[in-house]
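final25.txt follows (compact mmCIF, C-alpha atoms):
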# COMPACT_ATOMS: atom_id res chain seq x y z
CA MET A 1 -7.86 46.79 -1.55
CA VAL A 2 -8.60 43.19 -0.69
CA VAL A 3 -11.81 41.43 -1.57
CA LYS A 4 -14.39 41.78 1.17
CA VAL A 5 -16.72 38.88 1.89
CA TYR A 6 -19.81 39.83 3.89
CA GLY A 7 -21.18 36.81 5.69
CA LYS A 8 -20.87 34.49 8.62
CA ALA A 9 -17.85 32.18 8.79
CA GLN A 10 -19.94 29.12 9.70
CA ALA A 11 -22.51 29.60 6.95
CA VAL A 12 -22.40 27.31 3.93
CA CYS A 13 -22.50 29.86 1.11
CA PRO A 14 -19.78 32.18 2.47
CA GLN A 15 -17.58 29.09 2.96
CA ARG A 16 -18.03 28.25 -0.73
CA VAL A 17 -16.71 31.70 -1.65
CA MET A 18 -13.84 31.66 0.89
CA HIS A 19 -12.75 28.24 -0.38
CA CYS A 20 -12.54 29.55 -3.94
CA LEU A 21 -10.48 32.56 -2.81
CA VAL A 22 -8.07 30.34 -0.88
CA GLU A 23 -7.72 27.91 -3.82
CA LYS A 24 -6.69 30.90 -5.91
CA GLY A 25 -4.38 32.34 -3.27
CA VAL A 26 -6.35 35.58 -3.07
CA PRO A 27 -6.32 37.56 0.20
CA PHE A 28 -9.68 38.61 1.60
CA GLU A 29 -11.39 40.14 4.58
CA LEU A 30 -14.40 38.44 6.10
CA VAL A 31 -16.84 41.06 7.37
CA HIS A 32 -19.10 39.44 9.94
CA VAL A 33 -22.84 39.68 9.34
CA ASP A 34 -24.76 38.80 12.48
CA ILE A 35 -27.39 36.40 11.20
CA ASP A 36 -28.49 35.59 14.74
CA THR A 37 -29.74 39.17 15.19
CA MET A 38 -31.16 39.23 11.62
CA GLU A 39 -28.63 41.78 10.41
CA HIS A 40 -29.08 40.32 6.90
CA LYS A 41 -32.73 41.42 6.86
CA ARG A 42 -32.03 45.07 7.74
CA PRO A 43 -32.36 47.83 5.13
CA GLU A 44 -28.58 48.55 4.95
CA PHE A 45 -27.92 44.91 4.12
CA LEU A 46 -30.86 44.61 1.72
CA GLN A 47 -29.42 47.49 -0.31
CA LYS A 48 -26.44 45.25 -1.06
CA GLN A 49 -28.24 41.91 -1.22
CA PRO A 50 -31.95 42.41 -1.91
CA PHE A 51 -32.87 38.82 -1.04
CA GLY A 52 -31.40 39.14 2.47
CA GLN A 53 -28.92 36.28 2.25
CA VAL A 54 -25.20 35.88 2.84
CA PRO A 55 -22.72 36.32 1.30
CA TYR A 56 -22.09 39.24 -0.93
CA ILE A 57 -18.66 40.42 -1.96
CA VAL A 58 -17.08 43.75 -2.78
CA ASP A 59 -14.12 43.61 -5.15
CA GLY A 60 -13.10 47.17 -6.03
CA ASP A 61 -16.14 48.71 -7.73
CA LEU A 62 -17.89 45.41 -8.19
CA GLU A 63 -20.52 44.17 -5.76
CA LEU A 64 -21.81 40.65 -6.28
CA PHE A 65 -24.05 38.13 -4.57
CA GLU A 66 -25.17 34.51 -5.14
CA SER A 67 -22.26 32.32 -4.06
CA ARG A 68 -22.17 30.24 -7.23
CA ALA A 69 -21.99 33.37 -9.39
CA ILE A 70 -19.25 34.76 -7.15
CA VAL A 71 -17.10 31.65 -7.48
CA ARG A 72 -17.54 31.69 -11.27
CA TYR A 73 -16.38 35.31 -11.29
CA LEU A 74 -13.35 34.58 -9.10
CA ALA A 75 -12.41 31.47 -11.07
CA ALA A 76 -12.53 33.46 -14.31
CA LYS A 77 -10.70 36.48 -12.89
CA TYR A 78 -7.88 34.31 -11.52
CA GLU A 79 -8.01 31.71 -14.28
CA ASP A 80 -4.21 31.63 -14.61
CA ARG A 81 -3.59 31.24 -10.90
CA GLY A 82 -3.88 28.05 -8.88
CA PRO A 83 -6.04 25.19 -10.10
CA ASN A 84 -8.12 25.70 -13.23
CA LEU A 85 -11.62 25.50 -11.78
CA LEU A 86 -13.70 26.16 -14.91
CA GLY A 87 -12.46 23.73 -17.57
CA ARG A 88 -10.48 24.77 -20.64
CA THR A 89 -12.37 23.75 -23.77
CA LEU A 90 -16.00 24.42 -24.67
CA GLU A 91 -16.88 20.83 -23.81
CA GLU A 92 -14.96 20.79 -20.52
CA ARG A 93 -16.62 24.03 -19.48
CA ALA A 94 -20.03 22.65 -20.41
CA LYS A 95 -19.44 19.63 -18.15
CA VAL A 96 -18.42 21.91 -15.28
CA ASP A 97 -21.55 24.01 -15.88
CA GLN A 98 -23.67 20.87 -15.98
CA TRP A 99 -22.41 19.56 -12.64
CA LEU A 100 -22.58 23.03 -11.09
CA ASP A 101 -26.27 23.01 -11.96
CA VAL A 102 -26.66 19.47 -10.65
CA GLU A 103 -25.34 20.73 -7.30
CA ALA A 104 -27.59 23.80 -7.33
CA ILE A 105 -30.75 22.12 -8.60
CA ASN A 106 -30.57 18.40 -7.73
CA TYR A 107 -28.28 18.22 -4.70
CA ASN A 108 -28.68 21.39 -2.66
CA PRO A 109 -32.51 21.27 -2.44
CA TRP A 110 -32.09 18.03 -0.41
CA ALA A 111 -28.83 18.91 1.36
CA PHE A 112 -30.25 22.19 2.65
CA PRO A 113 -33.29 20.82 4.58
CA ILE A 114 -31.08 18.10 6.08
CA VAL A 115 -28.53 20.57 7.46
CA PHE A 116 -31.24 23.02 8.49
CA ASN A 117 -33.39 20.50 10.38
CA LEU A 118 -30.71 18.23 11.81
CA PHE A 119 -28.06 20.83 12.67
CA VAL A 120 -28.98 24.52 12.39
CA LEU A 121 -32.32 24.41 14.23
CA PRO A 122 -31.24 21.97 16.98
CA ILE A 123 -28.15 24.03 17.93
CA ARG A 124 -30.41 27.03 18.29
CA GLY A 125 -32.80 25.04 20.43
CA LEU A 126 -35.57 25.41 17.87
CA PRO A 127 -37.99 22.67 16.80
CA ALA A 128 -36.96 20.84 13.64
CA ASN A 129 -39.01 19.07 11.01
CA LYS A 130 -37.62 15.55 11.22
CA ALA A 131 -40.01 14.24 8.56
CA ASP A 132 -38.73 16.79 6.04
CA ALA A 133 -35.17 15.84 6.86
CA GLY A 134 -35.91 12.12 6.52
CA ALA A 135 -37.51 12.55 3.12
CA ALA A 136 -34.57 14.67 2.00
CA VAL A 137 -32.09 12.00 3.15
CA ASP A 138 -33.77 9.44 0.88
CA LYS A 139 -33.71 11.86 -2.06
CA LEU A 140 -30.09 12.83 -1.46
CA ASN A 141 -29.09 9.18 -1.28
CA LYS A 142 -30.60 8.62 -4.75
CA VAL A 143 -28.65 11.59 -6.09
CA LEU A 144 -25.47 10.22 -4.52
CA GLU A 145 -26.09 6.87 -6.23
CA VAL A 146 -25.84 8.70 -9.55
CA TYR A 147 -22.68 10.41 -8.32
CA GLU A 148 -21.23 6.98 -7.51
CA LYS A 149 -21.71 5.93 -11.14
CA GLN A 150 -20.18 9.14 -12.43
CA LEU A 151 -17.22 8.95 -10.05
CA SER A 152 -16.51 5.38 -11.14
CA LYS A 153 -15.84 6.86 -14.59
CA THR A 154 -14.12 10.15 -13.74
CA LYS A 155 -12.04 11.15 -10.73
CA TYR A 156 -14.05 14.35 -10.19
CA LEU A 157 -17.63 15.14 -11.16
CA ALA A 158 -16.88 17.07 -14.34
CA GLY A 159 -13.83 15.06 -15.41
CA ASP A 160 -10.34 14.27 -14.22
CA GLU A 161 -9.64 17.64 -12.61
CA PHE A 162 -10.99 19.30 -9.49
CA THR A 163 -13.34 22.12 -10.53
CA LEU A 164 -16.00 24.43 -9.15
CA ALA A 165 -18.46 21.58 -9.62
CA ASP A 166 -16.73 19.70 -6.79
CA LEU A 167 -15.97 22.78 -4.71
CA THR A 168 -19.55 23.97 -4.44
CA HIS A 169 -20.59 20.68 -2.79
CA ILE A 170 -18.17 20.80 0.12
CA PRO A 171 -19.58 23.16 2.80
CA ALA A 172 -23.10 21.71 3.09
CA THR A 173 -21.86 18.14 2.70
CA ARG A 174 -19.37 18.63 5.54
CA TYR A 175 -22.23 19.47 7.91
CA ILE A 176 -24.16 16.43 6.70
CA VAL A 177 -21.17 14.19 7.36
CA GLU A 178 -19.88 15.73 10.59
CA ASN A 179 -22.93 17.18 12.29
CA CYS A 180 -26.01 15.29 11.11
CA GLY A 181 -24.90 11.71 11.79
CA LEU A 182 -25.14 10.84 8.12
CA SER A 183 -21.57 10.01 7.10
CA HIS A 184 -22.80 6.61 5.90
CA LEU A 185 -24.47 8.31 2.92
CA LEU A 186 -20.99 8.83 1.50
CA ASP A 187 -19.06 6.04 3.22
CA ASP A 188 -21.20 3.26 1.78
CA LYS A 189 -20.38 4.40 -1.77
CA LYS A 190 -16.82 3.50 -2.67
CA HIS A 191 -16.11 6.14 -5.29
CA VAL A 192 -18.06 8.88 -3.54
CA LYS A 193 -16.07 8.18 -0.36
CA THR A 194 -12.75 8.42 -2.20
CA TRP A 195 -13.88 11.65 -3.88
CA TRP A 196 -15.00 13.15 -0.58
CA GLU A 197 -11.70 12.33 1.14
CA ASP A 198 -9.80 13.79 -1.79
CA ILE A 199 -11.68 17.09 -2.05
CA THR A 200 -11.81 17.73 1.69
CA GLY A 201 -8.12 16.84 1.99
CA ARG A 202 -7.19 19.75 -0.23
CA PRO A 203 -4.88 22.21 1.55
CA ALA A 204 -7.13 25.13 0.58
CA TRP A 205 -10.18 23.58 2.24
CA LYS A 206 -8.17 22.78 5.37
CA LYS A 207 -7.08 26.41 5.48
CA VAL A 208 -10.71 27.52 5.25
CA MET A 209 -11.64 25.23 8.14
CA SER A 210 -8.83 26.55 10.28
CA PHE A 211 -9.74 30.15 9.36
CA VAL A 212 -13.33 29.45 10.46
CA GLU A 213 -12.33 27.66 13.65
CA THR A 214 -9.93 30.37 14.77
CA GLY A 215 -12.46 33.12 14.09
CA GLY A 216 -10.24 34.77 11.50
CA SER A 217 -11.24 37.98 9.77
CA ASN A 218 -8.29 38.57 7.43
CA TYR A 219 -6.90 35.88 5.18
CA SER A 220 -3.60 36.18 3.41
CA PRO A 221 -1.99 33.28 1.59
CA MET O 1 -25.24 15.53 -37.62
CA GLY O 2 -27.55 18.16 -36.22
CA VAL O 3 -28.46 19.10 -32.68
CA LYS O 4 -30.94 16.79 -30.96
CA VAL O 5 -32.95 17.83 -27.94
CA TYR O 6 -34.59 15.05 -25.95
CA GLY O 7 -37.65 16.29 -24.14
CA MET O 8 -41.31 17.30 -24.48
CA PRO O 9 -42.77 20.33 -26.23
CA MET O 10 -44.81 21.32 -23.15
CA SER O 11 -41.94 20.95 -20.65
CA THR O 12 -40.65 24.28 -19.38
CA ASN O 13 -37.11 22.98 -19.03
CA THR O 14 -37.17 21.62 -22.59
CA VAL O 15 -38.66 24.85 -23.91
CA ARG O 16 -35.88 26.84 -22.19
CA VAL O 17 -33.36 25.06 -24.42
CA LEU O 18 -35.48 25.36 -27.57
CA ALA O 19 -35.85 29.10 -26.94
CA ALA O 20 -32.05 29.48 -26.83
CA LEU O 21 -31.59 27.46 -30.02
CA ASN O 22 -34.20 29.60 -31.77
CA GLU O 23 -32.53 32.84 -30.60
CA LYS O 24 -29.33 31.56 -32.16
CA GLY O 25 -31.06 30.32 -35.32
CA VAL O 26 -29.76 26.78 -34.76
CA GLU O 27 -31.75 23.99 -36.37
CA PHE O 28 -32.60 21.07 -34.12
CA GLU O 29 -34.61 17.90 -33.90
CA LEU O 30 -36.86 17.46 -30.85
CA VAL O 31 -36.86 13.78 -29.88
CA ILE O 32 -39.89 13.11 -27.72
CA VAL O 33 -39.27 11.58 -24.30
CA ASP O 34 -42.78 11.01 -23.00
CA LEU O 35 -42.90 11.45 -19.23
CA ARG O 36 -46.41 9.94 -19.20
CA THR O 37 -45.01 6.56 -20.31
CA GLY O 38 -41.98 6.80 -18.02
CA ALA O 39 -39.60 7.06 -21.00
CA HIS O 40 -37.30 9.29 -18.93
CA LYS O 41 -36.61 6.43 -16.52
CA LYS O 42 -35.72 3.86 -19.20
CA PRO O 43 -32.13 2.82 -19.96
CA ASP O 44 -31.93 4.61 -23.33
CA PHE O 45 -32.64 7.95 -21.73
CA LEU O 46 -30.73 7.29 -18.50
CA ALA O 47 -27.65 6.82 -20.70
CA LEU O 48 -28.09 10.48 -21.69
CA ASN O 49 -29.08 11.79 -18.27
CA PRO O 50 -28.53 9.46 -15.30
CA PHE O 51 -30.88 11.60 -13.18
CA GLY O 52 -33.76 10.73 -15.53
CA GLN O 53 -34.89 14.32 -16.12
CA ILE O 54 -35.63 16.12 -19.36
CA PRO O 55 -34.17 17.71 -21.38
CA ALA O 56 -30.88 16.32 -22.66
CA LEU O 57 -28.92 17.67 -25.59
CA GLU O 58 -26.87 15.74 -28.12
CA ASP O 59 -24.56 17.73 -30.36
CA GLY O 60 -22.20 15.37 -32.16
CA ASP O 61 -20.14 13.77 -29.39
CA VAL O 62 -21.30 16.23 -26.76
CA VAL O 63 -24.10 15.02 -24.51
CA LEU O 64 -25.37 17.40 -21.83
CA PHE O 65 -28.20 17.70 -19.34
CA GLU O 66 -29.46 20.49 -17.03
CA SER O 67 -31.24 23.05 -19.19
CA ARG O 68 -29.38 26.08 -17.84
CA ALA O 69 -25.98 24.47 -18.44
CA ILE O 70 -27.12 23.46 -21.93
CA ASN O 71 -28.08 27.08 -22.59
CA ARG O 72 -24.65 28.31 -21.50
CA TYR O 73 -23.15 25.83 -23.97
CA ILE O 74 -25.42 27.01 -26.79
CA ALA O 75 -24.74 30.67 -25.96
CA THR O 76 -20.98 30.07 -25.97
CA LYS O 77 -20.79 27.82 -29.01
CA TYR O 78 -22.94 30.18 -31.08
CA ALA O 79 -21.69 33.40 -29.49
CA GLU O 80 -21.44 35.08 -32.89
CA ALA O 81 -24.97 34.23 -34.04
CA GLY O 82 -27.87 36.37 -32.85
CA PRO O 83 -27.79 38.16 -29.47
CA ASP O 84 -24.66 37.87 -27.29
CA LEU O 85 -26.52 36.01 -24.53
CA LEU O 86 -23.61 35.77 -22.07
CA LEU O 87 -22.07 39.17 -22.94
CA SER O 88 -18.96 37.30 -24.11
CA SER O 89 -17.60 40.55 -25.54
CA GLY O 90 -18.32 42.45 -22.33
CA THR O 91 -16.09 43.10 -19.33
CA PRO O 92 -15.54 40.51 -16.56
CA ALA O 93 -17.77 42.63 -14.30
CA GLU O 94 -20.56 42.65 -16.90
CA ARG O 95 -20.31 38.89 -17.29
CA ALA O 96 -20.35 38.49 -13.50
CA VAL O 97 -23.65 40.39 -13.37
CA VAL O 98 -25.07 37.96 -15.94
CA ASP O 99 -23.93 35.04 -13.77
CA LEU O 100 -25.44 36.67 -10.69
CA TRP O 101 -28.89 37.01 -12.25
CA LEU O 102 -28.67 33.55 -13.84
CA GLU O 103 -28.28 32.21 -10.30
CA VAL O 104 -31.14 34.37 -9.05
CA GLU O 105 -33.38 32.80 -11.70
CA SER O 106 -32.29 29.31 -10.74
CA GLN O 107 -32.21 29.74 -6.95
CA GLN O 108 -34.80 32.43 -6.08
CA PHE O 109 -37.31 32.61 -8.92
CA GLY O 110 -37.29 28.98 -10.09
CA PRO O 111 -38.46 27.07 -7.00
CA PRO O 112 -41.63 29.09 -6.18
CA ILE O 113 -42.74 29.63 -9.77
CA ALA O 114 -42.23 25.95 -10.62
CA ALA O 115 -44.33 24.90 -7.63
CA LEU O 116 -47.02 27.50 -8.41
CA VAL O 117 -47.30 26.58 -12.10
CA TYR O 118 -47.40 22.88 -11.29
CA GLU O 119 -50.19 23.33 -8.76
CA ALA O 120 -52.31 25.83 -10.71
CA LEU O 121 -51.81 24.65 -14.30
CA ILE O 122 -50.08 21.28 -14.72
CA LYS O 123 -51.78 19.30 -11.96
CA PRO O 124 -55.31 19.90 -13.32
CA MET O 125 -54.12 18.81 -16.77
CA LEU O 126 -52.91 15.55 -15.25
CA GLY O 127 -56.35 15.00 -13.72
CA GLY O 128 -55.58 16.35 -10.24
CA ALA O 129 -57.22 19.16 -8.30
CA THR O 130 -55.43 22.42 -7.55
CA ASP O 131 -54.73 23.00 -3.87
CA VAL O 132 -55.37 26.71 -3.47
CA THR O 133 -53.40 26.94 -0.23
CA VAL O 134 -50.28 25.71 -2.06
CA VAL O 135 -50.82 28.26 -4.82
CA GLU O 136 -51.18 31.07 -2.29
CA ALA O 137 -48.11 30.02 -0.30
CA GLN O 138 -45.94 29.87 -3.43
CA ALA O 139 -47.40 33.14 -4.73
CA THR O 140 -46.35 34.82 -1.47
CA LYS O 141 -42.78 33.58 -1.92
CA LEU O 142 -42.75 34.55 -5.59
CA GLU O 143 -44.06 38.04 -4.80
CA LYS O 144 -41.01 38.78 -2.67
CA VAL O 145 -38.74 37.83 -5.55
CA LEU O 146 -40.79 39.84 -8.04
CA ASP O 147 -40.60 42.91 -5.79
CA VAL O 148 -36.82 42.72 -6.15
CA TYR O 149 -37.22 42.31 -9.92
CA GLU O 150 -39.53 45.31 -10.13
CA ALA O 151 -36.93 47.47 -8.35
CA ARG O 152 -34.18 46.11 -10.59
CA LEU O 153 -36.17 46.65 -13.80
CA ALA O 154 -36.95 50.23 -12.77
CA GLN O 155 -33.22 50.92 -13.17
CA SER O 156 -32.25 48.48 -15.88
CA LYS O 157 -34.06 47.51 -19.09
CA TYR O 158 -33.17 43.84 -18.70
CA LEU O 159 -32.22 41.91 -15.57
CA ALA O 160 -28.49 41.81 -16.25
CA GLY O 161 -28.25 45.30 -17.76
CA ALA O 162 -29.09 47.13 -20.96
CA GLU O 163 -29.04 44.04 -23.17
CA PHE O 164 -31.27 40.99 -23.49
CA THR O 165 -29.28 38.02 -22.16
CA LEU O 166 -29.66 34.39 -21.19
CA VAL O 167 -30.93 35.65 -17.82
CA ASP O 168 -34.10 37.02 -19.39
CA LEU O 169 -34.46 34.06 -21.74
CA ASN O 170 -34.24 31.51 -18.91
CA HIS O 171 -37.23 33.16 -17.22
CA ILE O 172 -39.53 32.94 -20.23
CA PRO O 173 -40.90 29.36 -20.11
CA TYR O 174 -42.23 29.51 -16.56
CA THR O 175 -43.43 33.10 -16.83
CA ASN O 176 -45.29 32.12 -20.00
CA TYR O 177 -47.20 29.50 -17.98
CA LEU O 178 -47.68 31.81 -15.00
CA MET O 179 -49.48 34.22 -17.35
CA LYS O 180 -52.03 31.46 -18.07
CA THR O 181 -52.94 31.14 -14.37
CA PRO O 182 -55.07 33.37 -12.12
CA LYS O 183 -51.74 34.57 -10.65
CA ALA O 184 -50.79 36.44 -13.84
CA SER O 185 -51.58 39.48 -11.72
CA LEU O 186 -48.22 39.00 -10.00
CA VAL O 187 -46.72 40.28 -13.25
CA THR O 188 -49.41 42.62 -14.53
CA SER O 189 -49.56 44.53 -11.22
CA ARG O 190 -45.86 45.49 -11.49
CA PRO O 191 -45.38 48.02 -14.32
CA HIS O 192 -41.67 47.50 -15.01
CA LEU O 193 -41.98 43.75 -14.76
CA LEU O 194 -44.93 43.81 -17.15
CA ALA O 195 -43.06 45.99 -19.68
CA TRP O 196 -40.09 43.60 -19.48
CA TRP O 197 -42.36 40.59 -19.99
CA GLN O 198 -44.08 42.19 -22.98
CA ASP O 199 -40.69 42.98 -24.46
CA ILE O 200 -39.04 39.59 -24.02
CA SER O 201 -42.13 37.57 -24.92
CA SER O 202 -42.61 39.46 -28.18
CA ARG O 203 -39.18 38.49 -29.50
CA PRO O 204 -39.54 36.61 -32.79
CA ALA O 205 -37.48 33.69 -31.50
CA TRP O 206 -39.83 33.27 -28.54
CA GLN O 207 -42.92 33.63 -30.74
CA LYS O 208 -41.57 30.82 -32.87
CA THR O 209 -40.80 28.72 -29.76
CA ALA O 210 -44.21 29.41 -28.20
CA ALA O 211 -46.02 28.40 -31.38
CA ALA O 212 -44.71 24.85 -30.91
CA ILE O 213 -46.06 24.53 -27.35
CA PRO O 214 -49.21 22.42 -27.66
CA PHE O 215 -51.49 24.60 -25.53
As structure tokens, how would this structure be written, given the file I've shared?
Amino acid sequence: MVVKVYGKAQAVCPQRVMHCLVEKGVPFELVHVDIDTMEHKRPEFLQKQPFGQVPYIVDGDLELFESRAIVRYLAAKYEDRGPNLLGRTLEERAKVDQWLDVEAINYNPWAFPIVFNLFVLPIRGLPANKADAGAAVDKLNKVLEVYEKQLSKTKYLAGDEFTLADLTHIPATRYIVENCGLSHLLDDKKHVKTWWEDITGRPAWKKVMSFVETGGSNYSP
Amino acid sequence: MGVKVYGMPMSTNTVRVLAALNEKGVEFELVIVDLRTGAHKKPDFLALNPFGQIPALEDGDVVLFESRAINRYIATKYAEAGPDLLLSSGTPAERAVVDLWLEVESQQFGPPIAALVYEALIKPMLGGATDVTVVEAQATKLEKVLDVYEARLAQSKYLAGAEFTLVDLNHIPYTNYLMKTPKASLVTSRPHLLAWWQDISSRPAWQKTAAAIPF
């Protein structure tokens, strides 16, 4: 039975999980959750994901949520397949963990309000908080200045290999670049720009984008 | 050369790391980085953590920041000493459940409790006045998370299962401060949550860690 991903194709966190599955060459089924009608806040959904957020996955007997925990699980389960996304030694793994937490704790809290206020709310015709978005842009730019220093030393955030620490950044950042008019945040930083072109040029990410654009529900490598 | 932790004894994120070291019985030196003098934004410290946030860990050649990542490193390096905090001898599914609840702590529990504790406890210590509307708004968010915890802890002794893990440990520093605010009732009004808190906060390693917090 293939892995089932419950979520919405366009949502950031399900994309993180789908990208990891595609990197590992693992088939999956995307089961659509209708966020627009608040399906994720209904009792049946809350039984699976008590915080009412997408995605969750079902892999055999295992049900999991929190996208960053899901990608850790998948990267460990398929460690010998595709790119090594977790690092190999204790120190390499610690660096991946460190940059995963940087994404979750220092990057996403600014990326999220930008995407929410400059893309998600406007396409729904809802009023956005431009001041919140503006403040977040300044904060995110400062974070990206630190990334620029790091990426002048290593090709990827956690070292010289692509890992989960890079992967988790991609979905929200793509909306910032393509849909929020903020591509300059990356383009004006030489090493960040090179990194961004590299990680979004990966065949697996392109496959995710085409899966999303064509409204796919079953992925097989 | 021993383990060095750069931080402050009253900082929750620093204390999270010290609590893990104490669970594992690892000796360490706490090197004070005084936020009040801006030491965390000076070149010496930025060389350890370019984001200028405490804590940072130095273990021989290994330099790490982000307290939760540091704790994974400690739990893995000292897997054999003390409790198996990441269930390294468990099944992949058991370890995945640990990862799930580690993310819940960081993503769901962390933001509202950090904002609540800052407003109700830290701000007055820095000479500011607590804004009660902020406390109430964060308490409302935190309550929703704690309702999920209460349901979870009715079925499971600890958040990730039958064993004490890093998940529980990572919650201790902020919950410890929450219990010193008028919003301690968020915990005491939920019987399973309260039993869990009494259990994890009475661990000898935490008692030792708490004794070094200056208030």
Give one line per residue of chain O that approaches chain A to at most 9 Å, naming the two atoms of the closest pair and their distance in Å to one decimal, counting only C-alpha atoms; sort by chain then ascending residue number and deliver it as a tab-separated table.
residue	atom	partner	partner_atom	distance
O:Pro50	CA	A:Val146	CA	6.4
O:Phe51	CA	A:Val146	CA	6.9
O:Val62	CA	A:Glu91	CA	7.0
O:Leu64	CA	A:Gln98	CA	7.0
O:Phe65	CA	A:Gln98	CA	6.5
O:Glu66	CA	A:Gln98	CA	5.9
O:Ser67	CA	A:Gln98	CA	8.5
O:Arg68	CA	A:Asp101	CA	7.3
O:Ala69	CA	A:Gln98	CA	4.9
O:Ile70	CA	A:Ala94	CA	7.3
O:Arg72	CA	A:Ala94	CA	7.4
O:Tyr73	CA	A:Ala94	CA	5.7
O:Thr76	CA	A:Leu90	CA	7.6
O:Lys77	CA	A:Leu90	CA	7.3
O:Pro92	CA	A:Lys77	CA	7.3
O:Ala93	CA	A:Leu62	CA	6.7
O:Arg95	CA	A:Tyr73	CA	8.0
O:Ala96	CA	A:Tyr73	CA	5.5
O:Val97	CA	A:Leu64	CA	7.3
O:Val98	CA	A:Ala69	CA	8.6
O:Asp99	CA	A:Ala69	CA	5.1
O:Leu100	CA	A:Ala69	CA	4.9
O:Trp101	CA	A:Ala69	CA	8.3
O:Leu102	CA	A:Ala69	CA	8.0
O:Glu103	CA	A:Glu66	CA	6.4
O:Val104	CA	A:Glu66	CA	7.1
O:Ser106	CA	A:Ile105	CA	7.7
O:Gln107	CA	A:Ala104	CA	7.5
O:Gln108	CA	A:Phe51	CA	8.4
O:Lys144	CA	A:Phe51	CA	8.3
O:Val145	CA	A:Phe51	CA	7.5
O:Val148	CA	A:Pro50	CA	6.5
Exercise. May I have the protein, DNA and RNA residues with any atom at most 12 Å from the point (-35.1, 22.0, -25.4), counting all atoms listed in the file, written as number ranges by chain?
Key: O: 3-22, 26-33, 54-58, 64-71, 74, 170, 173, 209, 212-213
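Using all atoms listed in the file, the protein and nucleic acid residues lying no more than 8 Å from O:Leu142, apart from those fewer than 5 places from it along its own chain, are Phe109, Pro112 and Ile113 of chain O.
A straight line drawn from atom CA of A:Ala131 to atom CA of A:Arg174 is 21.3 Å long.
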Self-check item: Distance query stretch 201-207 of chain A at most 7 Å, only C-alpha atoms, self and fewer than 4 positions along chain excluded, as a list of chain:residue names
Solution: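 Neighbouring residues, sequence-local ones excluded: A:His19, A:Val22, A:Glu23, A:Glu197, A:Phe211.
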Save the residues we just selected, C-alpha atoms, as an mmCIF file, in the frame of the given file?
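Once everything was written out, this is again_18.cif:
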data_model
loop_
_atom_site.group_PDB
_atom_site.id
_atom_site.type_symbol
_atom_site.label_atom_id
_atom_site.label_comp_id
_atom_site.auth_asym_id
_atom_site.auth_seq_id
_atom_site.Cartn_x
_atom_site.Cartn_y
_atom_site.Cartn_z
ATOM 1 C CA HIS A 19 -12.750 28.240 -0.380
ATOM 2 C CA VAL A 22 -8.070 30.340 -0.880
ATOM 3 C CA GLU A 23 -7.720 27.910 -3.820
ATOM 4 C CA GLU A 197 -11.700 12.330 1.140
ATOM 5 C CA PHE A 211 -9.740 30.150 9.360
#
